[in-house]
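Undergrad: File query01.txt below, compact mmCIF, C-alpha atoms and all ligand atoms:
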```txt
# COMPACT_ATOMS: atom_id res chain seq x y z
CA MET A 1 14.30 -42.78 -34.49
CA ILE A 2 12.67 -43.96 -37.72
CA VAL A 3 8.91 -44.26 -37.91
CA ASP A 4 7.23 -46.05 -40.81
CA HIS A 5 5.84 -43.92 -43.57
CA LEU A 6 2.58 -42.34 -42.51
CA MET A 7 -0.37 -42.20 -44.86
CA GLN A 8 -2.18 -39.88 -42.49
CA PRO A 9 -0.99 -36.35 -41.75
CA LEU A 10 1.35 -36.06 -38.81
CA ARG A 11 -0.43 -34.03 -36.10
CA ILE A 12 1.92 -31.80 -34.11
CA LEU A 13 1.08 -29.87 -30.97
CA HIS A 14 3.47 -26.95 -30.57
CA LEU A 15 3.73 -25.67 -26.99
CA THR A 16 6.13 -22.99 -25.86
CA ASP A 17 7.21 -20.63 -23.09
CA SER A 18 5.43 -22.29 -20.20
CA HIS A 19 7.71 -20.44 -17.72
CA LEU A 20 6.79 -22.83 -14.92
CA PRO A 21 7.45 -21.64 -11.37
CA ASP A 22 9.73 -23.31 -8.87
CA ALA A 23 6.81 -24.76 -6.91
CA THR A 24 3.08 -25.33 -7.28
CA GLY A 25 1.16 -22.12 -6.67
CA GLY A 26 4.03 -19.91 -7.77
CA ARG A 27 3.28 -17.03 -10.08
CA VAL A 28 5.29 -15.63 -12.94
CA GLN A 29 4.39 -12.08 -13.90
CA GLY A 30 1.22 -12.50 -11.90
CA LEU A 31 0.10 -15.68 -13.65
CA ASP A 32 -0.13 -19.18 -12.21
CA THR A 33 1.79 -20.68 -15.11
CA GLU A 34 1.47 -24.29 -13.95
CA THR A 35 -2.32 -24.01 -13.95
CA SER A 36 -2.09 -22.26 -17.29
CA LEU A 37 -0.07 -25.07 -18.88
CA ARG A 38 -2.45 -27.66 -17.41
CA ALA A 39 -5.44 -25.84 -18.94
CA VAL A 40 -3.73 -25.67 -22.33
CA LEU A 41 -2.94 -29.39 -22.22
CA ASP A 42 -6.50 -30.21 -21.12
CA HIS A 43 -7.82 -28.29 -24.09
CA ALA A 44 -5.40 -29.74 -26.65
CA LEU A 45 -5.79 -33.32 -25.44
CA SER A 46 -9.58 -33.07 -25.62
CA GLU A 47 -9.57 -32.23 -29.32
CA PRO A 48 -11.38 -34.86 -31.41
CA ARG A 49 -8.27 -35.74 -33.40
CA ALA A 50 -5.31 -36.89 -31.35
CA TYR A 51 -1.81 -35.50 -31.72
CA ASP A 52 1.12 -37.70 -32.74
CA VAL A 53 3.89 -35.69 -31.11
CA VAL A 54 4.32 -32.60 -28.93
CA LEU A 55 7.13 -30.13 -29.59
CA LEU A 56 8.10 -27.76 -26.77
CA THR A 57 10.27 -24.86 -27.89
CA GLY A 58 11.89 -23.56 -24.74
CA ASP A 59 11.52 -21.25 -21.75
CA LEU A 60 9.85 -24.25 -20.16
CA VAL A 61 10.57 -22.90 -16.67
CA GLU A 62 11.11 -19.41 -15.33
CA GLN A 63 14.23 -20.34 -13.35
CA PRO A 64 16.08 -23.60 -14.13
CA THR A 65 15.79 -25.67 -10.95
CA PRO A 66 15.13 -29.40 -10.46
CA THR A 67 11.80 -28.64 -8.78
CA ALA A 68 10.61 -26.45 -11.64
CA TYR A 69 11.53 -29.15 -14.16
CA ALA A 70 9.79 -31.72 -11.94
CA LEU A 71 6.57 -29.74 -12.47
CA LEU A 72 7.15 -29.92 -16.22
CA ARG A 73 7.74 -33.66 -16.11
CA GLN A 74 4.61 -34.11 -14.02
CA GLN A 75 2.52 -32.12 -16.49
CA LEU A 76 3.82 -34.00 -19.52
CA ARG A 77 3.42 -37.43 -17.92
CA ARG A 78 -0.27 -37.55 -18.87
CA VAL A 79 0.44 -36.80 -22.54
CA PRO A 80 0.11 -40.15 -24.37
CA VAL A 81 2.64 -39.33 -27.12
CA PRO A 82 6.33 -38.33 -27.20
CA CYS A 83 7.13 -34.80 -26.04
CA LEU A 84 10.32 -33.40 -27.61
CA CYS A 85 11.85 -30.45 -25.80
CA LEU A 86 14.53 -27.91 -26.58
CA PRO A 87 15.92 -25.21 -24.29
CA GLY A 88 15.25 -21.46 -24.33
CA ASN A 89 17.11 -18.62 -22.66
CA HIS A 90 15.34 -19.33 -19.33
CA ASP A 91 16.39 -23.00 -19.37
CA HIS A 92 19.51 -24.91 -18.44
CA PRO A 93 20.01 -27.45 -21.26
CA ASP A 94 21.81 -30.12 -19.19
CA LEU A 95 19.46 -29.85 -16.23
CA LEU A 96 16.44 -29.99 -18.54
CA HIS A 97 17.83 -33.16 -20.09
CA GLU A 98 18.65 -34.77 -16.71
CA CYS A 99 15.25 -34.00 -15.22
CA LEU A 100 13.35 -35.55 -18.12
CA ILE A 101 15.30 -38.83 -18.38
CA GLY A 102 13.07 -41.90 -18.16
CA GLY A 103 9.77 -40.22 -18.99
CA ASN A 104 7.80 -39.71 -22.18
CA ALA A 105 9.50 -36.33 -22.64
CA GLY A 106 13.10 -35.67 -23.53
CA VAL A 107 15.60 -33.37 -25.16
CA GLU A 108 15.68 -35.11 -28.52
CA SER A 109 17.53 -33.63 -31.42
CA GLU A 110 15.69 -35.22 -34.34
CA ARG A 111 13.01 -37.60 -35.51
CA THR A 112 11.81 -38.87 -38.84
CA TYR A 113 8.15 -39.44 -39.68
CA GLY A 114 7.74 -40.80 -43.17
CA ASP A 115 8.95 -38.13 -45.59
CA TRP A 116 9.24 -35.49 -42.88
CA ARG A 117 12.27 -34.85 -40.69
CA ILE A 118 11.97 -32.85 -37.48
CA LEU A 119 15.14 -31.15 -36.23
CA MET A 120 15.28 -29.65 -32.75
CA LEU A 121 18.01 -27.01 -32.40
CA ASP A 122 19.54 -25.48 -29.28
CA SER A 123 19.92 -21.71 -29.70
CA SER A 124 20.41 -20.94 -26.01
CA VAL A 125 23.54 -19.09 -24.90
CA PRO A 126 24.41 -19.15 -21.18
CA GLY A 127 23.75 -15.79 -19.53
CA ARG A 128 22.16 -14.21 -22.59
CA SER A 129 18.59 -13.54 -23.68
CA ASP A 130 19.32 -13.57 -27.39
CA GLY A 131 20.17 -16.74 -29.28
CA PHE A 132 22.91 -18.17 -31.45
CA LEU A 133 23.34 -21.41 -33.39
CA CYS A 134 26.86 -22.72 -33.04
CA GLU A 135 28.64 -24.27 -35.99
CA ASP A 136 27.71 -27.86 -35.18
CA GLN A 137 24.01 -26.96 -35.03
CA LEU A 138 24.17 -25.36 -38.47
CA GLU A 139 26.19 -28.32 -39.74
CA ARG A 140 23.42 -30.65 -38.57
CA VAL A 141 20.93 -28.72 -40.65
CA ALA A 142 23.21 -28.75 -43.70
CA SER A 143 24.05 -32.45 -43.49
CA THR A 144 20.43 -33.43 -42.84
CA ILE A 145 19.40 -31.68 -46.04
CA ASP A 146 22.35 -32.95 -48.06
CA ASP A 147 21.74 -36.54 -46.94
CA ALA A 148 18.11 -36.44 -48.07
CA PRO A 149 17.53 -33.44 -50.35
CA ASP A 150 13.94 -34.40 -51.20
CA GLN A 151 12.87 -34.86 -47.58
CA HIS A 152 10.58 -32.25 -46.04
CA LEU A 153 12.03 -30.48 -43.04
CA LEU A 154 10.57 -28.85 -39.95
CA VAL A 155 13.14 -27.07 -37.79
CA ALA A 156 12.22 -26.15 -34.21
CA VAL A 157 14.24 -23.55 -32.30
CA HIS A 158 13.57 -21.19 -29.40
CA HIS A 159 14.61 -17.80 -30.81
CA HIS A 160 12.98 -16.19 -33.84
CA PRO A 161 15.24 -16.29 -36.93
CA VAL A 162 13.59 -13.28 -38.62
CA PRO A 163 12.46 -10.01 -37.03
CA CYS A 164 8.97 -10.11 -35.54
CA GLY A 165 8.40 -6.34 -35.65
CA SER A 166 8.77 -5.61 -31.92
CA PRO A 167 12.08 -3.73 -31.50
CA TRP A 168 12.62 -4.89 -27.92
CA MET A 169 12.09 -8.55 -28.89
CA ASP A 170 14.09 -8.23 -32.10
CA ALA A 171 17.04 -7.05 -30.00
CA MET A 172 17.14 -10.59 -28.57
CA MET A 173 16.37 -12.72 -31.61
CA LEU A 174 18.50 -15.46 -33.14
CA ARG A 175 21.68 -13.50 -33.90
CA ASN A 176 22.64 -15.71 -36.83
CA GLY A 177 19.12 -16.37 -38.02
CA ASP A 178 20.27 -15.40 -41.51
CA ALA A 179 22.65 -18.39 -41.56
CA LEU A 180 19.82 -20.78 -40.74
CA MET A 181 17.47 -19.17 -43.26
CA ASP A 182 20.15 -19.25 -45.97
CA LEU A 183 20.65 -22.99 -45.47
CA LEU A 184 16.94 -23.66 -45.66
CA GLN A 185 16.51 -21.48 -48.74
CA SER A 186 19.45 -22.75 -50.73
CA ARG A 187 19.67 -26.50 -50.13
CA GLY A 188 17.42 -29.42 -50.98
CA ASN A 189 14.02 -29.56 -52.59
CA GLY A 190 11.48 -30.36 -49.89
CA THR A 191 9.12 -28.19 -47.88
CA ARG A 192 10.75 -25.99 -45.21
CA ILE A 193 9.14 -24.88 -41.94
CA VAL A 194 10.70 -23.16 -38.92
CA ILE A 195 8.74 -23.05 -35.68
CA PHE A 196 9.83 -21.11 -32.60
CA GLY A 197 8.77 -19.58 -29.28
CA HIS A 198 10.38 -16.70 -27.38
CA ILE A 199 8.16 -13.88 -28.73
CA HIS A 200 5.02 -14.98 -26.79
CA GLN A 201 2.70 -14.32 -29.72
CA ALA A 202 1.46 -15.94 -32.90
CA PHE A 203 3.58 -15.18 -35.95
CA ASP A 204 3.21 -16.38 -39.53
CA ALA A 205 5.40 -15.30 -42.44
CA THR A 206 6.74 -16.79 -45.63
CA VAL A 207 10.32 -15.89 -46.47
CA GLY A 208 11.25 -17.22 -49.90
CA ARG A 209 10.41 -20.91 -49.67
CA VAL A 210 10.45 -21.07 -45.86
CA ARG A 211 7.34 -20.77 -43.71
CA VAL A 212 8.25 -19.12 -40.40
CA LEU A 213 5.82 -19.78 -37.53
CA GLY A 214 5.76 -18.49 -33.96
CA ALA A 215 3.35 -19.84 -31.36
CA PRO A 216 1.46 -18.20 -28.52
CA ALA A 217 2.88 -18.99 -25.09
CA THR A 218 1.09 -21.32 -22.72
CA SER A 219 1.72 -18.54 -20.18
CA CYS A 220 1.26 -14.82 -20.95
CA GLN A 221 1.23 -13.21 -24.41
CA PHE A 222 3.14 -10.12 -25.52
CA GLU A 223 1.61 -7.34 -27.58
CA PRO A 224 2.67 -7.59 -31.25
CA ARG A 225 4.68 -4.68 -32.70
CA SER A 226 5.16 -3.03 -29.31
CA THR A 227 8.31 -0.95 -28.87
CA SER A 228 8.85 -2.11 -25.29
CA PHE A 229 7.62 -4.89 -23.00
CA ARG A 230 3.84 -4.94 -23.04
CA ARG A 231 1.50 -7.77 -22.07
CA SER A 232 -1.35 -8.67 -24.39
CA VAL A 233 -4.83 -9.47 -23.10
CA LEU A 234 -4.91 -12.68 -25.14
CA PRO A 235 -5.20 -15.87 -23.07
CA PRO A 236 -2.74 -18.78 -23.14
CA GLY A 237 -2.63 -20.80 -26.34
CA TYR A 238 -0.77 -23.11 -28.69
CA ARG A 239 -0.07 -23.83 -32.35
CA TRP A 240 -1.08 -26.98 -34.18
CA LEU A 241 0.33 -28.36 -37.42
CA GLU A 242 -0.68 -31.17 -39.76
CA LEU A 243 2.12 -32.34 -42.02
CA HIS A 244 1.01 -34.26 -45.09
CA PRO A 245 3.10 -36.97 -46.75
CA ASP A 246 3.37 -34.93 -49.98
CA GLY A 247 4.98 -31.96 -48.17
CA GLY A 248 1.80 -29.93 -47.85
CA PHE A 249 0.78 -28.78 -44.40
CA ASP A 250 -1.92 -26.97 -42.45
CA THR A 251 -1.43 -24.92 -39.32
CA GLY A 252 -3.24 -22.58 -36.96
CA VAL A 253 -3.30 -21.27 -33.42
CA THR A 254 -5.78 -21.90 -30.64
CA TYR A 255 -6.34 -19.77 -27.56
CA LEU A 256 -8.16 -20.87 -24.46
CA GLY A 257 -11.77 -19.73 -24.63
CA GLU A 258 -13.69 -17.66 -22.12
CA SER A 259 -14.47 -20.71 -20.04
CA HIS A 260 -10.77 -21.38 -19.66
CA VAL A 261 -9.54 -17.84 -18.93
CA LEU A 262 -7.38 -18.03 -15.86
CA ARG A 263 -7.48 -15.66 -12.96
CA ASP A 264 -4.61 -13.25 -13.42
CA VAL A 265 -3.26 -10.77 -10.92
CA PRO A 266 -1.23 -7.60 -11.55
CA ARG A 267 2.47 -8.06 -11.94
CA GLN A 268 4.38 -7.84 -8.66
CA HIS A 269 7.18 -5.27 -8.85
FE FE A 301 9.61 -16.79 -22.85
```
Spell out the structure here as structure tokens.

TA:
Amino acid sequence: MIVDHLMQPLRILHLTDSHLPDATGGRVQGLDTETSLRAVLDHALSEPRAYDVVLLTGDLVEQPTPTAYALLRQQLRRVPVPCLCLPGNHDHPDLLHECLIGGNAGVESERTYGDWRILMLDSSVPGRSDGFLCEDQLERVASTIDDAPDQHLLVAVHHHPVPCGSPWMDAMMLRNGDALMDLLQSRGNGTRIVIFGHIHQAFDATVGRVRVLGAPATSCQFEPRSTSFRRSVLPPGYRWLELHPDGGFDTGVTYLGESHVLRDVPRQH
């Protein structure tokens, strides 16, 4: 879809890893993740400046069932702008697509906003927790850049393409993240951003000319640099980005404040 050139920055709300349950009231690792996502959306949608688009980078449900995706669709219905989704290792790509047809959310692979192109990639591999970009996904990145070398590019993907510093998470990162990073480093002239989920924590690094950004989950957070699974005490959150027409951009993360902290219960073993 082509949108006319924007003179204003493009405001992006980046949500990830909502891990919605199969039914209302269900808990995932002790957290009511539907209530958590609702609280995050309430907070983001009440910001003084409205968002132009929402990007959701996978693990949208805990188990991929039609009822779990119905909860997602219901939550996104009140968002007044397009919601572009991609699958994570907890999702089923085809079912996600089917369950979102006809609403304001969908599994869309790309959009253009003025001088910025957004590419949504599918790194999910059936039955695996780590990720991989198949040849046609990498080819899409290459041809997008080659077709418009001066265009600025934001790539969204579920798995992290560079290590995040937690050995247990880095064992299930994007296995061919180097291939993606090499393409972004070596081709074209515009700004390059990669956003992702999966690691349930904020992450911000610059690798060569590529800014690499992870977002907090709308569900539970993981402790950075932990050697094994460890929950963080941080509340649910999200990342925001403002993309400027000249290729500059601003970004940051927001966590729900004290007034929004959700009642959590110990993990059920
Ligand atoms: Fe996740």

Undergrad: Which residues are near ligand FE 301 (chain A) in this structure, taking near to mean any atom at most 9 Å from a ligand atom and counting all atoms listed in the file? Format them as a ChimeraX atom specification.

TA: /A:16-19,58-62,88-90,158,197-200,217,219-220

Undergrad: What's the 7 Å shell around Leu119 of chain A, counting all atoms listed in the file, without same-chain residues fewer than 3 positions away, as JSON, numbers by chain?

TA: {"A": [109, 110, 111, 154, 155, 156]}

Undergrad: Can I get the selected residues back with C-alpha atoms, as a short mmCIF file (atom, residue, chain, number, x, y, z; two decimals), in the frame of the given file?

TA:
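As written to disk, selection_14.cif reads:
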```
data_model
loop_
_atom_site.label_atom_id
_atom_site.label_comp_id
_atom_site.auth_asym_id
_atom_site.auth_seq_id
_atom_site.Cartn_x
_atom_site.Cartn_y
_atom_site.Cartn_z
CA SER A 109 17.53 -33.63 -31.42
CA GLU A 110 15.69 -35.22 -34.34
CA ARG A 111 13.01 -37.60 -35.51
CA LEU A 154 10.57 -28.85 -39.95
CA VAL A 155 13.14 -27.07 -37.79
CA ALA A 156 12.22 -26.15 -34.21
#
```

Undergrad: Counting only C-alpha atoms, what is within 12 Å of Thr144 of chain A, bar same-chain residues fewer than 4 positions away, as a VMD selection string?

TA: chain A and resid 109 to 112 116 to 120 136 to 140 148 to 155 183 to 184 187 to 188 190

Undergrad: Work out how far atom CA of Met181 of chain A is from atom CA of Ile195 of chain A, in Å to one decimal.

TA: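 Computing it gives 12.2 Å between the two atoms.
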
Undergrad: Extract, using only C-alpha atoms, all DNA, RNA and protein residues at most 8 Å from Arg73 of chain A, discarding same-chain residues fewer than 5 positions from it, and format them as a ChimeraX atom specification.

TA: /A:99-100,103,105

Undergrad: Since we have the selection now, will you write its residues out, keeping C-alpha atoms, as a PDB file, in the frame of the given file?

TA:
```
ATOM      1  CA  CYS A  99      15.250 -34.000 -15.220  1.00  0.00           C
ATOM      2  CA  LEU A 100      13.350 -35.550 -18.120  1.00  0.00           C
ATOM      3  CA  GLY A 103       9.770 -40.220 -18.990  1.00  0.00           C
ATOM      4  CA  ALA A 105       9.500 -36.330 -22.640  1.00  0.00           C
TER       5      ALA A 105
END
```

Undergrad: Please compute the atom CA of Asp246 of chain A-atom CA of Val162 of chain A distance, one decimal, in Å.

TA: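 Those two atoms sit 26.5 Å apart.
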
Undergrad: Which residue is closest to Thr35 of chain A? Choose from A:Pro82, A:Gly214, A:Pro21, A:Pro48 and count all atoms listed in the file.

TA: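 Of all the options, A:Pro21 lies closest to Thr35 of chain A.
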
Undergrad: In Å, rounded to a single decimal, give me how far atom CA of Pro80 of chain A is from atom CA of Gly114 of chain A.

TA: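 These atoms are spaced 20.3 Å apart.
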
Undergrad: Give me the residues within 7 Å of segment 122-132 of chain A as a list in words, counting all atoms listed in the file and dropping any in the same chain fewer than 4 places off.

TA: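 The filter keeps Leu86, Pro87, Gly88, Asn89, Val157, His158, His159, Met172, Met173, Leu174, Arg175 and Asn176 of chain A.
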
Undergrad: Identify which of the residues A:His14, A:Ala142, A:Gly247, A:Thr227 lies closest to Ala44 of chain A, counting only C-alpha atoms when measuring atom-to-atom distances.

TA: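 Closest to Ala44 of chain A, using only C-alpha atoms: A:His14.
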
Undergrad: For Pro66 of chain A, which of A:Ala39, A:Asp182, A:Ala50, A:His97 is the closest residue, counting all atoms listed in the file?

TA: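 Among the listed residues, A:His97 lies closest to Pro66 of chain A.
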
Undergrad: Tell me which protein, DNA and RNA residues are within 9 Å of Met7 of chain A, counting all atoms listed in the file, leaving out same-chain ones fewer than 3 positions away, and put them as JSON, numbers by chain.

TA: {"A": [10, 114, 244, 245]}

Undergrad: Can you write segment 48-68 of chain A from the block above with N, CA and C atoms, as a PDB file, in the first residue's frame?

TA:
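Output (decode.pdb):
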```pdb
ATOM      1  N   PRO A  48      -0.940  11.897  24.304  1.00  0.00           N
ATOM      2  CA  PRO A  48      -1.445  13.099  23.624  1.00  0.00           C
ATOM      3  C   PRO A  48      -1.309  13.044  22.103  1.00  0.00           C
ATOM      4  N   ARG A  49      -0.227  12.436  21.633  1.00  0.00           N
ATOM      5  CA  ARG A  49      -0.032  12.363  20.175  1.00  0.00           C
ATOM      6  C   ARG A  49      -0.385  10.971  19.697  1.00  0.00           C
ATOM      7  N   ALA A  50      -1.275  10.918  18.711  1.00  0.00           N
ATOM      8  CA  ALA A  50      -1.797   9.634  18.245  1.00  0.00           C
ATOM      9  C   ALA A  50      -0.755   8.889  17.405  1.00  0.00           C
ATOM     10  N   TYR A  51      -0.875   7.582  17.410  1.00  0.00           N
ATOM     11  CA  TYR A  51      -0.019   6.745  16.569  1.00  0.00           C
ATOM     12  C   TYR A  51      -0.635   6.610  15.173  1.00  0.00           C
ATOM     13  N   ASP A  52       0.238   6.384  14.195  1.00  0.00           N
ATOM     14  CA  ASP A  52      -0.205   6.187  12.815  1.00  0.00           C
ATOM     15  C   ASP A  52      -0.360   4.721  12.461  1.00  0.00           C
ATOM     16  N   VAL A  53       0.404   3.868  13.118  1.00  0.00           N
ATOM     17  CA  VAL A  53       0.368   2.440  12.806  1.00  0.00           C
ATOM     18  C   VAL A  53       0.895   1.679  14.024  1.00  0.00           C
ATOM     19  N   VAL A  54       0.390   0.453  14.196  1.00  0.00           N
ATOM     20  CA  VAL A  54       0.862  -0.418  15.272  1.00  0.00           C
ATOM     21  C   VAL A  54       1.532  -1.631  14.633  1.00  0.00           C
ATOM     22  N   LEU A  55       2.731  -1.946  15.086  1.00  0.00           N
ATOM     23  CA  LEU A  55       3.437  -3.135  14.619  1.00  0.00           C
ATOM     24  C   LEU A  55       3.508  -4.135  15.757  1.00  0.00           C
ATOM     25  N   LEU A  56       3.053  -5.368  15.490  1.00  0.00           N
ATOM     26  CA  LEU A  56       3.063  -6.413  16.526  1.00  0.00           C
ATOM     27  C   LEU A  56       4.007  -7.515  16.063  1.00  0.00           C
ATOM     28  N   THR A  57       5.078  -7.740  16.879  1.00  0.00           N
ATOM     29  CA  THR A  57       6.154  -8.610  16.396  1.00  0.00           C
ATOM     30  C   THR A  57       6.153 -10.001  17.056  1.00  0.00           C
ATOM     31  N   GLY A  58       5.004 -10.628  17.068  1.00  0.00           N
ATOM     32  CA  GLY A  58       4.961 -12.058  17.327  1.00  0.00           C
ATOM     33  C   GLY A  58       4.787 -12.512  18.764  1.00  0.00           C
ATOM     34  N   ASP A  59       4.616 -13.839  18.905  1.00  0.00           N
ATOM     35  CA  ASP A  59       4.194 -14.450  20.172  1.00  0.00           C
ATOM     36  C   ASP A  59       2.942 -13.732  20.670  1.00  0.00           C
ATOM     37  N   LEU A  60       1.991 -13.588  19.754  1.00  0.00           N
ATOM     38  CA  LEU A  60       0.783 -12.830  20.075  1.00  0.00           C
ATOM     39  C   LEU A  60      -0.139 -13.636  20.971  1.00  0.00           C
ATOM     40  N   VAL A  61      -0.035 -14.969  20.882  1.00  0.00           N
ATOM     41  CA  VAL A  61      -0.789 -15.853  21.780  1.00  0.00           C
ATOM     42  C   VAL A  61       0.177 -16.883  22.365  1.00  0.00           C
ATOM     43  N   GLU A  62      -0.262 -17.487  23.474  1.00  0.00           N
ATOM     44  CA  GLU A  62       0.592 -18.507  24.098  1.00  0.00           C
ATOM     45  C   GLU A  62       0.511 -19.827  23.318  1.00  0.00           C
ATOM     46  N   GLN A  63      -0.716 -20.224  22.987  1.00  0.00           N
ATOM     47  CA  GLN A  63      -0.945 -21.408  22.162  1.00  0.00           C
ATOM     48  C   GLN A  63      -1.803 -20.969  20.973  1.00  0.00           C
ATOM     49  N   PRO A  64      -1.444 -21.364  19.750  1.00  0.00           N
ATOM     50  CA  PRO A  64      -2.187 -20.865  18.582  1.00  0.00           C
ATOM     51  C   PRO A  64      -3.524 -21.574  18.382  1.00  0.00           C
ATOM     52  N   THR A  65      -4.582 -20.983  18.921  1.00  0.00           N
ATOM     53  CA  THR A  65      -5.935 -21.500  18.746  1.00  0.00           C
ATOM     54  C   THR A  65      -6.827 -20.371  18.234  1.00  0.00           C
ATOM     55  N   PRO A  66      -7.938 -20.722  17.556  1.00  0.00           N
ATOM     56  CA  PRO A  66      -8.848 -19.668  17.084  1.00  0.00           C
ATOM     57  C   PRO A  66      -9.374 -18.792  18.221  1.00  0.00           C
ATOM     58  N   THR A  67      -9.606 -19.379  19.384  1.00  0.00           N
ATOM     59  CA  THR A  67     -10.150 -18.565  20.478  1.00  0.00           C
ATOM     60  C   THR A  67      -9.110 -17.586  21.025  1.00  0.00           C
ATOM     61  N   ALA A  68      -7.864 -18.023  21.076  1.00  0.00           N
ATOM     62  CA  ALA A  68      -6.809 -17.102  21.529  1.00  0.00           C
ATOM     63  C   ALA A  68      -6.659 -15.945  20.533  1.00  0.00           C
TER      64      ALA A  68
END
```
